[in-house]
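Engineer: Have a peek at input.cif (mmCIF, C-alpha atoms).
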data_run
#
loop_
_atom_site.label_atom_id
_atom_site.label_comp_id
_atom_site.auth_asym_id
_atom_site.auth_seq_id
_atom_site.Cartn_x
_atom_site.Cartn_y
_atom_site.Cartn_z
CA MET N 1 13.99 47.28 25.52
CA GLY N 2 12.89 48.60 22.19
CA LEU N 3 12.07 45.08 21.02
CA LEU N 4 9.31 44.68 23.55
CA GLN N 5 6.73 45.58 21.00
CA VAL N 6 5.08 43.20 18.58
CA GLN N 7 5.66 44.55 15.11
CA GLY N 8 3.81 42.17 12.83
CA LEU N 9 2.17 38.87 13.70
CA THR N 10 0.40 36.44 11.40
CA VAL N 11 -1.55 33.56 12.90
CA GLN N 12 -2.66 31.39 10.00
CA GLY N 13 -3.80 27.82 9.34
CA ASN N 14 -3.57 26.65 12.95
CA PHE N 15 -5.84 24.56 15.11
CA LEU N 16 -6.20 26.40 18.43
CA ASP N 17 -8.03 25.05 21.43
CA ASN N 18 -8.56 25.27 25.21
CA GLY N 19 -7.54 28.05 27.59
CA GLN N 20 -9.74 30.90 28.73
CA SER N 21 -9.88 32.44 25.28
CA ILE N 22 -8.24 31.33 22.06
CA ILE N 23 -6.38 34.53 21.21
CA LEU N 24 -5.49 36.97 23.91
CA LEU N 25 -4.49 40.46 22.78
CA ASP N 26 -3.10 42.46 25.64
CA ASN N 27 -0.54 45.22 25.29
CA GLN N 28 1.24 45.40 28.63
CA ASN N 29 3.98 47.79 27.65
CA SER N 30 3.27 50.88 29.70
CA SER N 31 5.51 53.05 27.54
CA CYS N 32 3.04 52.76 24.70
CA ALA N 33 -0.19 51.94 26.45
CA GLY N 34 -3.48 51.27 24.83
CA ALA N 35 -4.47 50.62 21.26
CA THR N 36 -2.83 53.61 19.63
CA GLY N 37 0.79 53.43 20.70
CA ASP N 38 2.11 51.20 17.88
CA CYS N 39 3.33 48.59 20.35
CA LEU N 40 1.06 45.89 18.92
CA ILE N 41 0.64 46.42 15.20
CA ASN N 42 -0.05 44.54 11.98
CA THR N 43 -1.72 41.53 13.55
CA ARG N 44 -3.49 39.11 11.19
CA VAL N 45 -5.64 36.11 12.16
CA LEU N 46 -6.47 34.11 9.03
CA ARG N 47 -8.02 30.71 8.20
CA ASN N 48 -7.54 29.11 11.59
CA ALA N 49 -9.70 26.36 13.08
CA PHE N 50 -10.91 27.18 16.58
CA GLY N 51 -11.78 24.29 18.88
CA GLY N 52 -14.20 26.02 21.25
CA HIS N 53 -13.21 24.10 24.39
CA GLN N 54 -12.56 27.10 26.56
CA CYS N 55 -12.83 27.07 30.34
CA PRO N 56 -16.44 26.17 31.12
CA ALA N 57 -16.47 26.59 34.90
CA SER N 58 -18.62 29.15 36.66
CA ASN N 59 -15.96 31.42 38.10
CA VAL N 60 -14.53 34.80 37.22
CA TYR N 61 -11.57 33.24 35.42
CA CYS N 62 -13.64 31.35 32.93
CA PHE N 63 -15.28 32.92 29.93
CA HIS N 64 -17.01 29.71 28.87
CA ILE N 65 -16.86 27.65 25.72
CA PHE N 66 -16.58 29.10 22.20
CA HIS N 67 -14.65 32.15 23.38
CA PRO N 68 -12.53 33.23 20.40
CA THR N 69 -10.74 36.40 21.47
CA LEU N 70 -10.01 38.47 24.51
CA LEU N 71 -9.18 42.05 23.68
CA TYR N 72 -7.89 44.23 26.48
CA GLU N 73 -7.65 47.45 24.49
CA ALA N 74 -10.07 49.27 22.30
CA ARG N 75 -8.80 47.84 19.04
CA SER N 76 -11.04 47.15 16.10
CA PHE N 77 -11.28 43.91 14.19
CA VAL N 78 -11.15 44.76 10.50
CA GLN N 79 -11.92 42.82 7.32
CA THR N 80 -9.26 43.87 4.82
CA ASP N 81 -5.55 44.56 4.54
CA ALA N 82 -6.43 48.07 3.45
CA ALA N 83 -8.27 48.66 6.69
CA LEU N 84 -5.31 47.30 8.63
CA THR N 85 -2.91 49.50 6.71
CA SER N 86 -4.98 52.54 7.51
CA ASN N 87 -4.61 51.77 11.21
CA PRO N 88 -2.02 49.06 12.02
CA ASN N 89 -3.16 49.01 15.64
CA ASN N 90 -6.30 47.21 14.49
CA VAL N 91 -6.47 43.46 13.99
CA LEU N 92 -7.27 41.80 10.66
CA PHE N 93 -9.81 39.08 11.48
CA PRO N 94 -12.11 38.61 8.49
CA THR N 95 -15.62 37.24 8.85
CA THR N 96 -16.29 37.11 5.13
CA GLY N 97 -14.27 35.84 2.20
CA PRO N 98 -11.72 33.03 1.87
CA ASP N 99 -9.69 33.87 4.97
CA VAL N 100 -12.36 33.52 7.62
CA ASN N 101 -11.67 31.50 10.75
CA ARG N 102 -14.04 28.62 11.53
CA TRP N 103 -15.11 26.54 14.49
CA GLU N 104 -13.95 22.97 14.04
CA GLU N 105 -13.67 19.76 16.09
CA SER N 106 -16.24 21.05 18.54
CA ASN N 107 -19.25 18.85 17.91
CA ASP N 108 -18.84 17.23 21.31
CA ILE N 109 -19.76 20.49 23.05
CA ALA N 110 -22.09 22.01 20.49
CA THR N 111 -25.70 22.67 21.42
CA PRO N 112 -28.53 24.22 19.41
CA SER N 113 -27.54 27.60 20.79
CA THR N 114 -23.79 27.35 20.14
CA PRO N 115 -21.70 27.44 16.98
CA HIS N 116 -21.16 24.22 15.08
CA ASP N 117 -18.30 22.85 13.02
CA GLY N 118 -17.85 24.95 9.93
CA ASP N 119 -19.43 28.07 11.35
CA ILE N 120 -17.50 31.28 10.88
CA VAL N 121 -15.85 32.70 13.97
CA THR N 122 -16.89 36.18 14.92
CA PRO N 123 -14.28 37.83 17.14
CA GLY N 124 -15.45 39.39 20.35
CA THR N 125 -14.00 41.62 22.94
CA MET B 1 4.54 -31.04 -47.29
CA LYS B 2 4.22 -32.24 -50.95
CA ARG B 3 1.86 -34.76 -52.34
CA ALA B 4 1.94 -36.47 -55.87
CA LEU B 5 -1.18 -37.27 -57.78
CA ILE B 6 -1.32 -39.78 -60.65
CA ALA B 7 -3.95 -39.27 -63.34
CA ALA B 8 -6.25 -42.11 -64.11
CA VAL B 9 -6.56 -43.11 -67.78
CA SER B 10 -9.58 -44.60 -69.49
CA VAL B 11 -9.48 -46.02 -72.96
CA ALA B 12 -12.44 -45.90 -75.24
CA ALA B 13 -12.93 -48.49 -77.93
CA VAL B 14 -12.44 -47.07 -81.33
CA ALA B 15 -13.96 -48.60 -84.35
CA ALA B 16 -11.58 -50.30 -86.75
CA GLY B 17 -10.19 -48.09 -89.38
CA VAL B 18 -10.00 -45.13 -87.12
CA ALA B 19 -6.59 -43.60 -87.63
CA GLY B 20 -6.37 -41.67 -84.38
CA ILE B 21 -7.87 -41.95 -80.98
CA ALA B 22 -8.66 -39.49 -78.26
CA ILE B 23 -7.37 -40.27 -74.78
CA ALA B 24 -9.29 -38.78 -71.92
CA ASP B 25 -8.98 -38.89 -68.23
CA SER B 26 -11.04 -37.47 -65.51
CA ALA B 27 -9.17 -34.24 -65.80
CA GLY B 28 -9.76 -33.92 -69.57
CA SER B 29 -7.73 -34.75 -72.78
CA ASP B 30 -4.02 -35.47 -72.49
CA PRO B 31 -2.18 -34.31 -75.61
CA SER B 32 1.06 -36.02 -74.50
CA ALA B 33 -0.33 -39.59 -75.06
CA THR B 34 0.83 -41.56 -78.17
CA CYS B 35 -0.82 -44.68 -79.64
CA ASP B 36 0.17 -47.32 -82.15
CA PRO B 37 -2.09 -47.98 -85.12
CA PRO B 38 -5.01 -50.25 -84.10
CA SER B 39 -5.07 -53.86 -85.21
CA TYR B 40 -8.14 -56.02 -85.87
CA ASP B 41 -7.99 -59.80 -86.11
CA GLY B 42 -11.59 -60.23 -87.06
CA THR B 43 -12.65 -60.80 -83.51
CA SER B 44 -11.22 -58.01 -81.44
CA LEU B 45 -9.77 -54.61 -81.90
CA SER B 46 -6.46 -53.92 -80.19
CA LEU B 47 -5.09 -50.53 -79.33
CA HIS B 48 -1.81 -49.85 -77.59
CA CYS B 49 -1.11 -46.42 -76.20
CA THR B 50 1.67 -44.96 -74.14
CA VAL B 51 0.79 -42.25 -71.64
CA PRO B 52 3.65 -40.48 -69.84
CA GLN B 53 3.35 -40.54 -66.09
CA VAL B 54 2.12 -37.27 -64.86
CA THR B 55 3.24 -36.03 -61.51
CA ASN B 56 1.39 -33.17 -59.94
CA THR B 57 3.03 -31.35 -57.05
CA VAL B 58 0.88 -29.66 -54.51
CA THR B 59 2.37 -27.45 -51.83
CA GLN B 60 0.25 -27.18 -48.80
CA THR B 61 0.81 -24.37 -46.27
CA ASP B 62 -0.75 -24.69 -42.89
CA THR B 63 -1.23 -21.33 -41.20
CA ALA B 64 -1.56 -20.88 -37.48
CA THR B 65 -2.33 -17.95 -35.23
CA VAL B 66 -1.10 -17.60 -31.69
CA THR B 67 -2.95 -15.46 -29.30
CA GLU B 68 -1.55 -15.08 -25.86
CA THR B 69 -2.51 -12.69 -23.20
CA ALA B 70 1.04 -12.70 -21.90
CA THR B 71 3.38 -10.07 -23.21
CA ALA B 72 6.07 -12.43 -24.48
CA THR B 73 6.25 -13.13 -28.26
CA GLU B 74 7.12 -16.64 -29.25
CA THR B 75 8.72 -17.42 -32.66
CA VAL B 76 8.31 -20.99 -33.76
CA PRO B 77 10.54 -22.23 -36.63
CA GLY B 78 8.94 -24.08 -39.49
CA PRO B 79 5.26 -23.96 -40.17
CA THR B 80 3.45 -21.34 -38.22
CA SER B 81 0.93 -22.70 -35.83
CA THR B 82 -1.91 -21.03 -34.09
CA VAL B 83 -2.26 -21.27 -30.37
CA THR B 84 -4.90 -19.40 -28.47
CA GLU B 85 -4.21 -19.22 -24.79
CA THR B 86 -6.51 -17.65 -22.30
CA GLN B 87 -5.05 -16.72 -18.98
CA THR B 88 -7.30 -15.92 -16.08
CA VAL B 89 -5.81 -13.68 -13.45
CA THR B 90 -7.60 -13.30 -10.17
CA VAL B 91 -6.97 -9.96 -8.53
CA THR B 92 -7.66 -9.70 -4.85
CA PRO B 93 -9.14 -6.26 -4.22
CA THR B 94 -7.30 -4.01 -1.79
CA PRO B 95 -9.31 -3.46 1.37
CA THR B 96 -11.07 -0.16 1.18
CA GLN B 97 -9.25 2.48 3.21
CA PRO B 98 -11.24 5.27 4.82
CA PRO B 99 -10.59 8.56 3.09
CA PRO B 100 -8.23 10.90 4.91
CA PRO B 101 -10.01 13.52 6.93
CA VAL B 102 -10.53 16.81 5.26
CA PHE B 103 -9.29 19.62 7.42
CA PHE B 104 -10.19 23.26 7.18
CA ALA B 105 -6.82 24.30 8.64
CA PRO B 106 -3.57 22.41 7.95
CA GLY B 107 -2.70 22.58 11.62
CA GLN B 108 -5.50 20.15 12.40
CA ALA B 109 -3.38 17.38 10.84
CA MET B 110 -0.45 17.75 13.21
CA ASN B 111 -0.15 15.07 15.89
CA ALA B 112 2.31 12.85 17.76
CA THR B 113 3.00 10.68 14.73
CA ASN B 114 4.08 13.39 12.31
CA THR B 115 6.00 15.66 14.67
CA GLY B 116 9.01 15.15 16.95
CA TYR B 117 11.59 12.49 16.14
CA ALA B 118 8.74 10.04 15.60
CA GLY B 119 7.65 12.17 12.68
CA ASP B 120 10.93 11.26 10.96
CA GLY B 121 10.52 7.56 11.73
CA LEU B 122 12.90 7.41 14.71
CA THR B 123 12.48 5.94 18.16
CA ALA B 124 14.10 6.88 21.46
CA ALA B 125 16.57 4.03 20.95
CA ASP B 126 17.92 5.79 17.87
CA LEU B 127 19.08 8.81 19.89
CA THR B 128 22.41 9.36 21.64
CA PRO B 129 22.20 10.64 25.24
CA VAL B 130 23.82 14.01 25.99
CA THR B 131 24.49 14.96 29.62
CA GLY B 132 24.36 18.50 30.96
CA PRO B 133 23.71 21.84 29.28
CA VAL B 134 24.93 22.38 25.74
CA THR B 135 25.83 25.54 23.83
CA TYR B 136 26.19 25.59 20.08
CA GLY B 137 28.24 28.68 19.31
CA THR B 138 29.88 29.99 16.18
CA ALA B 139 32.07 26.89 15.94
CA PHE B 140 28.94 25.07 14.86
CA ASN B 141 27.84 27.60 12.25
CA GLY B 142 26.23 25.95 9.27
CA GLN B 143 26.06 22.50 10.87
CA THR B 144 23.11 20.14 11.23
CA ILE B 145 23.12 18.22 14.51
CA THR B 146 20.93 15.14 14.61
CA GLY B 147 20.03 12.20 16.80
CA LYS B 148 20.68 13.65 20.26
CA ALA B 149 18.77 13.00 23.48
CA TYR B 150 19.32 16.15 25.55
CA SER B 151 18.63 16.27 29.27
CA ASN B 152 19.28 19.96 29.97
CA THR B 153 19.14 23.38 28.31
CA VAL B 154 20.43 23.74 24.75
CA THR B 155 21.49 27.28 23.88
CA VAL B 156 22.20 28.22 20.28
CA THR B 157 24.27 31.36 19.84
CA GLY B 158 25.75 30.66 16.41
CA SER B 159 24.06 30.99 13.07
CA ASN B 160 22.63 28.68 10.42
CA ILE B 161 22.61 25.76 12.85
CA THR B 162 19.89 23.12 12.57
CA ILE B 163 19.09 20.75 15.42
CA ARG B 164 16.98 17.93 14.06
CA ASP B 165 15.51 14.60 15.18
CA CYS B 166 16.16 14.95 18.86
CA SER B 167 14.58 14.76 22.27
CA LEU B 168 14.95 17.22 25.11
CA THR B 169 13.61 16.07 28.47
CA TYR B 170 14.11 18.49 31.30
CA GLY B 171 12.09 20.07 34.07
CA GLY B 172 12.00 22.13 37.25
CA LEU B 173 11.55 25.74 38.33
CA ASP B 174 12.68 28.31 35.71
CA THR B 175 14.06 25.69 33.35
CA PHE B 176 14.58 26.28 29.64
CA GLY B 177 14.69 23.79 26.82
CA PHE B 178 15.97 25.40 23.64
CA ARG B 179 17.16 29.00 23.81
CA LEU B 180 17.58 30.39 20.33
CA ALA B 181 19.86 33.41 20.60
CA GLY B 182 21.70 33.52 17.28
CA SER B 183 20.45 33.92 13.75
CA ASN B 184 18.87 31.64 11.18
CA ASN B 185 18.88 28.63 13.49
CA ARG B 186 16.25 25.94 13.49
CA VAL B 187 14.86 23.31 15.86
CA ASP B 188 13.10 20.67 13.82
CA HIS B 189 11.40 17.34 14.56
CA CYS B 190 12.34 17.32 18.23
CA THR B 191 10.28 15.91 21.09
CA ILE B 192 10.46 18.32 24.01
CA THR B 193 8.91 17.52 27.36
CA SER B 194 9.44 17.20 31.10
CA PRO B 195 9.80 14.14 33.30
CA ALA B 196 6.66 12.95 34.99
CA GLY B 197 5.71 15.17 37.92
CA GLN B 198 7.66 18.18 36.60
CA SER B 199 7.16 20.93 34.08
CA MET B 200 9.49 23.16 32.06
CA TYR B 201 9.28 26.93 32.22
CA GLU B 202 10.14 27.61 28.56
CA PRO B 203 10.51 24.57 26.26
CA VAL B 204 11.40 26.76 23.24
CA PHE B 205 12.43 30.36 23.75
CA PHE B 206 13.36 32.91 21.08
CA ASN B 207 15.67 35.44 22.75
CA PRO B 208 15.29 39.19 22.32
CA GLY B 209 17.62 40.24 19.51
CA SER B 210 17.62 36.84 17.83
CA ASN B 211 16.85 36.95 14.12
CA GLY B 212 15.49 34.52 11.55
CA ASN B 213 15.13 31.50 13.83
CA SER B 214 12.45 28.86 13.51
CA ALA B 215 10.80 25.95 15.30
CA THR B 216 9.16 23.40 13.04
CA TYR B 217 7.56 19.96 13.40
CA ASN B 218 8.24 19.70 17.11
CA ASN B 219 6.15 17.79 19.65
CA ILE B 220 6.09 19.95 22.77
CA SER B 221 4.39 19.06 26.03
CA ARG B 222 4.55 19.61 29.81
CA GLY B 223 5.76 23.20 29.53
CA ALA B 224 4.30 26.10 31.46
CA GLN B 225 3.98 27.34 27.91
CA ALA B 226 5.15 25.68 24.75
CA ILE B 227 6.91 28.50 22.90
CA THR B 228 7.72 32.11 23.79
CA THR B 229 9.19 34.61 21.36
CA TYR B 230 10.82 38.00 21.57
CA GLY B 231 12.73 37.47 18.31
CA VAL B 232 12.48 39.06 14.90
CA ASN B 233 11.70 37.21 11.67
CA VAL B 234 10.45 34.21 13.62
CA THR B 235 8.73 31.17 12.11
CA ILE B 236 6.75 28.76 14.25
CA ALA B 237 5.21 26.15 11.95
CA ASN B 238 3.76 22.65 11.92
CA ASN B 239 4.32 22.00 15.61
CA TYR B 240 2.10 19.95 17.89
CA THR B 241 1.93 21.54 21.34
CA HIS B 242 -0.23 20.05 24.05
CA ASP B 243 -0.65 19.29 27.75
CA THR B 244 0.80 22.45 29.26
CA SER B 245 1.74 21.96 32.89
CA THR B 246 2.62 24.01 35.96
CA ALA B 247 3.77 21.04 38.04
CA SER B 248 7.12 22.66 38.87
CA ASP B 249 5.70 26.16 39.31
CA PRO B 250 2.01 26.47 40.16
CA THR B 251 2.23 30.29 39.95
CA GLN B 252 2.62 30.16 36.17
CA HIS B 253 -0.10 31.11 33.73
CA PRO B 254 0.26 28.57 30.94
CA ASP B 255 -0.10 29.54 27.30
CA GLY B 256 0.45 27.74 24.05
CA ILE B 257 2.50 30.37 22.22
CA GLU B 258 3.45 33.66 23.82
CA VAL B 259 4.34 36.56 21.55
CA TYR B 260 5.85 39.11 23.88
CA GLY B 261 8.06 41.14 21.58
CA GLY B 262 9.79 41.41 18.23
CA GLY B 263 8.28 40.52 14.92
CA PRO B 264 7.42 39.84 12.30
CA VAL B 265 6.32 36.49 13.68
CA LEU B 266 4.62 33.82 11.60
CA ILE B 267 2.60 31.22 13.52
CA ARG B 268 1.41 28.84 10.86
CA ASP B 269 -0.18 25.38 10.53
CA ASN B 270 0.39 24.35 14.13
CA ARG B 271 -1.89 22.30 16.35
CA ILE B 272 -1.97 24.05 19.70
CA GLU B 273 -3.97 22.25 22.33
CA GLU B 274 -3.32 23.97 25.58
CA ASP B 275 -5.18 21.31 27.58
CA ASN B 276 -5.48 23.80 30.39
CA PRO B 277 -8.44 26.02 31.33
CA TYR B 278 -6.36 29.19 31.82
CA ASP B 279 -4.79 31.82 29.60
CA ALA B 280 -4.68 31.19 25.85
CA PRO B 281 -3.36 29.05 23.00
CA VAL B 282 -1.97 32.31 21.55
CA ASN B 283 -1.13 35.11 23.96
CA VAL B 284 -0.02 38.34 22.30
CA ALA B 285 1.18 40.65 25.02
CA PRO B 286 4.02 43.12 24.42
CA TRP B 287 5.73 43.37 27.74
CA GLY B 288 7.31 46.36 29.44
CA SER B 289 10.29 44.33 30.56
CA TYR B 290 11.54 40.83 30.11
CA LYS B 291 8.78 38.63 31.36
CA CYS B 292 10.96 35.61 31.69
CA ARG B 293 12.72 35.28 35.00
CA ALA B 294 15.80 33.31 34.20
#
Mind converting the file's structure to C-alpha cells?

Structural biologist:
Amino acid sequence: MGLLQVQGLTVQGNFLDNGQSIILLDNQNSSCAGATGDCLINTRVLRNAFGGHQCPASNVYCFHIFHPTLLYEARSFVQTDAALTSNPNNVLFPTTGPDVNRWEESNDIATPSTPHDGDIVTPGT
Amino acid sequence: MKRALIAAVSVAAVAAGVAGIAIADSAGSDPSATCDPPSYDGTSLSLHCTVPQVTNTVTQTDTATVTETATATETVPGPTSTVTETQTVTVTPTPTQPPPPVFFAPGQAMNATNTGYAGDGLTAADLTPVTGPVTYGTAFNGQTITGKAYSNTVTVTGSNITIRDCSLTYGGLDTFGFRLAGSNNRVDHCTITSPAGQSMYEPVFFNPGSNGNSATYNNISRGAQAITTYGVNVTIANNYTHDTSTASDPTQHPDGIEVYGGGPVLIRDNRIEEDNPYDAPVNVAPWGSYKCRA
C-alpha cells in the first residue's frame, strides 16, 4: 500500500466549478497523518479559472459560493517553488505573479461583496 | 504602311537670252532638273524642262499600349496596339464573425464539441458496437484501437496501447469504464457516460501500480466521479467532465477528479464542471486503503 500517498500533483490551466469546495486537500492515510508525514507532498495549483458556483444552501454540508479550497490539515499555502521545496507538505498556490488563479465565469452569481471575474483567488482553509 | 509624295513643280518665266534657269518647288531647288535652251519667236518665250519624278517614302509606325488589370499578357502580331481595359470586381464582404472568447485558463475552452469522438468529427453512427467486457493485454502492445462503441468495462493491461475515438456507455452499482492497469496507455477522444437513469462508479480509473498512462480529450458524464487515479506519471489533460451522478449508488460522494495515490500527476487544461453541490471538482485525499470497492 505504499502507493497510497500523493507524491507530486500539479493542477494547472483548468476550469473548475461546483461542488462544496473547488479543491479539497485531505490526507486520510492514517499511517502518515497530518500535514507533516510526507503523504501529500509537492502540490501545485497554478493559473486555474475557478467558477465560484459552490453549494449555496444553508446546511452544514454547504460552504457557500466562491469557496476555493478546503484544507483538512494544517498545511500552509506558499507563493514560490523555493518555499514548497523547503517544506513539500505545503501547497504552492500563488496570489501574486503570473501563476495566480482567478475567478472566472461567475458574473451570474457575483454581488458587490463577492469576487468578480478576473479577481485573484485567495486560498482559504 | 508607306505613302508616296510627288513634288509639285512651278516654272518661272525667264527673260530671253537667259542661258540657265532655276527650277523651284515648294520644297526648294531641285538640282536634278534639266532644261533645253529657251526659244523666242518674237511673241512668246518657250522653255522646256525635264524634272525626274521624285518619290518620297514615309514609314509610319503606329504605337499602341495595352493596359489590362488581368494577369494574362497578350502578344498581338503586327503593329502594336494600345488597349486599356478596366475591370471592376465587386467583392462581397465576409460577414463579421464575433471574436473568439479570450480565456484565462485553456481548460475553459473544452466542451462537448471539441472532446469525445465528436471532437474528432465522428458521430455515433461511425462507431462499431462491442458487446461485453474487453481486455487489451500484451497482445495489443503498441496498437491504436479506434472507432469502437463499448458497452461494458474496458481493461488495459498491456503497454503503449491507445484507444481513440470511441464511446463507452455503461452503468450500475460499482461499474467501471476504462481501467488503466498497464503502462504508457492512453484513452483519447472518447465519450464516456451512463444510460439514462444510471450512473457509473468509475468512468476512468488509473490502477495502483500503473505507470505513464493518460486520459486526454474525453467527454465524461454521469459518473459518481469522472476520473480517479492511484497511478504514477499520470496525465489528465483537455478533458470535459460534467454532470456527475449517483443514480446507481446514492451513497457515493461525487467528485470531478480524485487523486488518491501515486504521482506525479498532472491535471492540466481540463474543464471540470461537477454539476453537483457535494464534494469537489478536485479531491486530493491519500487513502489508507483502496477506496474503490470493486

Engineer: Applied to the shown file, which residues does the PyMOL selection byres ((chain N) within 7 of (chain B)) return, written as a count of residues only?

Structural biologist: 36

Engineer: Please, what distance in Å, to one decimal, runs between atom CA of N:Asp117 and atom CA of N:Pro68?

Structural biologist: 14.0 Å

Engineer: Quick one: apply the PyMOL selection byres ((chain N and resi 96) around 10) to the file and drop the selected residues here as a VMD selection string.

Structural biologist: chain N and resid 79 to 80 93 to 95 97 to 101 120 to 122

Engineer: Keeping only C-alpha atoms, write those residues as a tab-separated table (two decimals), in the coordinates of the input.

Structural biologist:
chain	number	residue	atom	x	y	z
N	79	GLN	CA	-11.92	42.82	7.32
N	80	THR	CA	-9.26	43.87	4.82
N	93	PHE	CA	-9.81	39.08	11.48
N	94	PRO	CA	-12.11	38.61	8.49
N	95	THR	CA	-15.62	37.24	8.85
N	97	GLY	CA	-14.27	35.84	2.20
N	98	PRO	CA	-11.72	33.03	1.87
N	99	ASP	CA	-9.69	33.87	4.97
N	100	VAL	CA	-12.36	33.52	7.62
N	101	ASN	CA	-11.67	31.50	10.75
N	120	ILE	CA	-17.50	31.28	10.88
N	121	VAL	CA	-15.85	32.70	13.97
N	122	THR	CA	-16.89	36.18	14.92

Engineer: So which residues touch N:Ser106 within 8 Å, counting only C-alpha atoms, skipping near sequence neighbours fewer than 3 positions away, as a list in words?

Structural biologist: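 Contacts, with the query itself left out: Gly51, Gly52, His53, Trp103, Ile109, Ala110, His116 and Asp117 of chain N.
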
Engineer: Based on the selection just made, write C-alpha atoms of those residues as a PDB file, keeping the file's coordinate frame.

Structural biologist:
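Generated file (result-v1.pdb):
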ATOM      1  CA  GLY N  51     -11.780  24.290  18.880  1.00  0.00           C
ATOM      2  CA  GLY N  52     -14.200  26.020  21.250  1.00  0.00           C
ATOM      3  CA  HIS N  53     -13.210  24.100  24.390  1.00  0.00           C
ATOM      4  CA  TRP N 103     -15.110  26.540  14.490  1.00  0.00           C
ATOM      5  CA  ILE N 109     -19.760  20.490  23.050  1.00  0.00           C
ATOM      6  CA  ALA N 110     -22.090  22.010  20.490  1.00  0.00           C
ATOM      7  CA  HIS N 116     -21.160  24.220  15.080  1.00  0.00           C
ATOM      8  CA  ASP N 117     -18.300  22.850  13.020  1.00  0.00           C
TER       9      ASP N 117
END

Engineer: Enter the distance from atom CA of B:Ser194 to atom CA of B:Gln252, in Å, rounded to one decimal.

Structural biologist: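 Rounded to one decimal, the two atoms are 15.5 Å apart.
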
Engineer: Go through B:Asn218, B:Asn211, B:Thr244, B:Thr153 and flag the residue nearest B:Asp174, using all atoms listed in the file for the distances.

Structural biologist: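 The answer is B:Thr153, which sits nearest to B:Asp174.
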
Engineer: Do you have the atom CA of B:Asn219-atom CA of B:Pro98 distance handy?

Structural biologist: 26.1 Å

Engineer: Specify as a tab-separated table (two decimals) with C-alpha atoms, in the frame of the given file each residue included when the PyMOL selection byres ((chain B and resi 248) around 7) is applied to this file.

Structural biologist:
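expr.tsv written:
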chain	number	residue	atom	x	y	z
B	172	GLY	CA	12.00	22.13	37.25
B	173	LEU	CA	11.55	25.74	38.33
B	198	GLN	CA	7.66	18.18	36.60
B	199	SER	CA	7.16	20.93	34.08
B	246	THR	CA	2.62	24.01	35.96
B	247	ALA	CA	3.77	21.04	38.04
B	249	ASP	CA	5.70	26.16	39.31
B	250	PRO	CA	2.01	26.47	40.16

Engineer: Go through B:Asn114, B:Asn152, B:Thr144, B:Asn185 and flag the residue nearest B:Asn207, using only C-alpha atoms for the distances.

Structural biologist: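 That would be B:Asn185, the residue with the smallest distance to B:Asn207.
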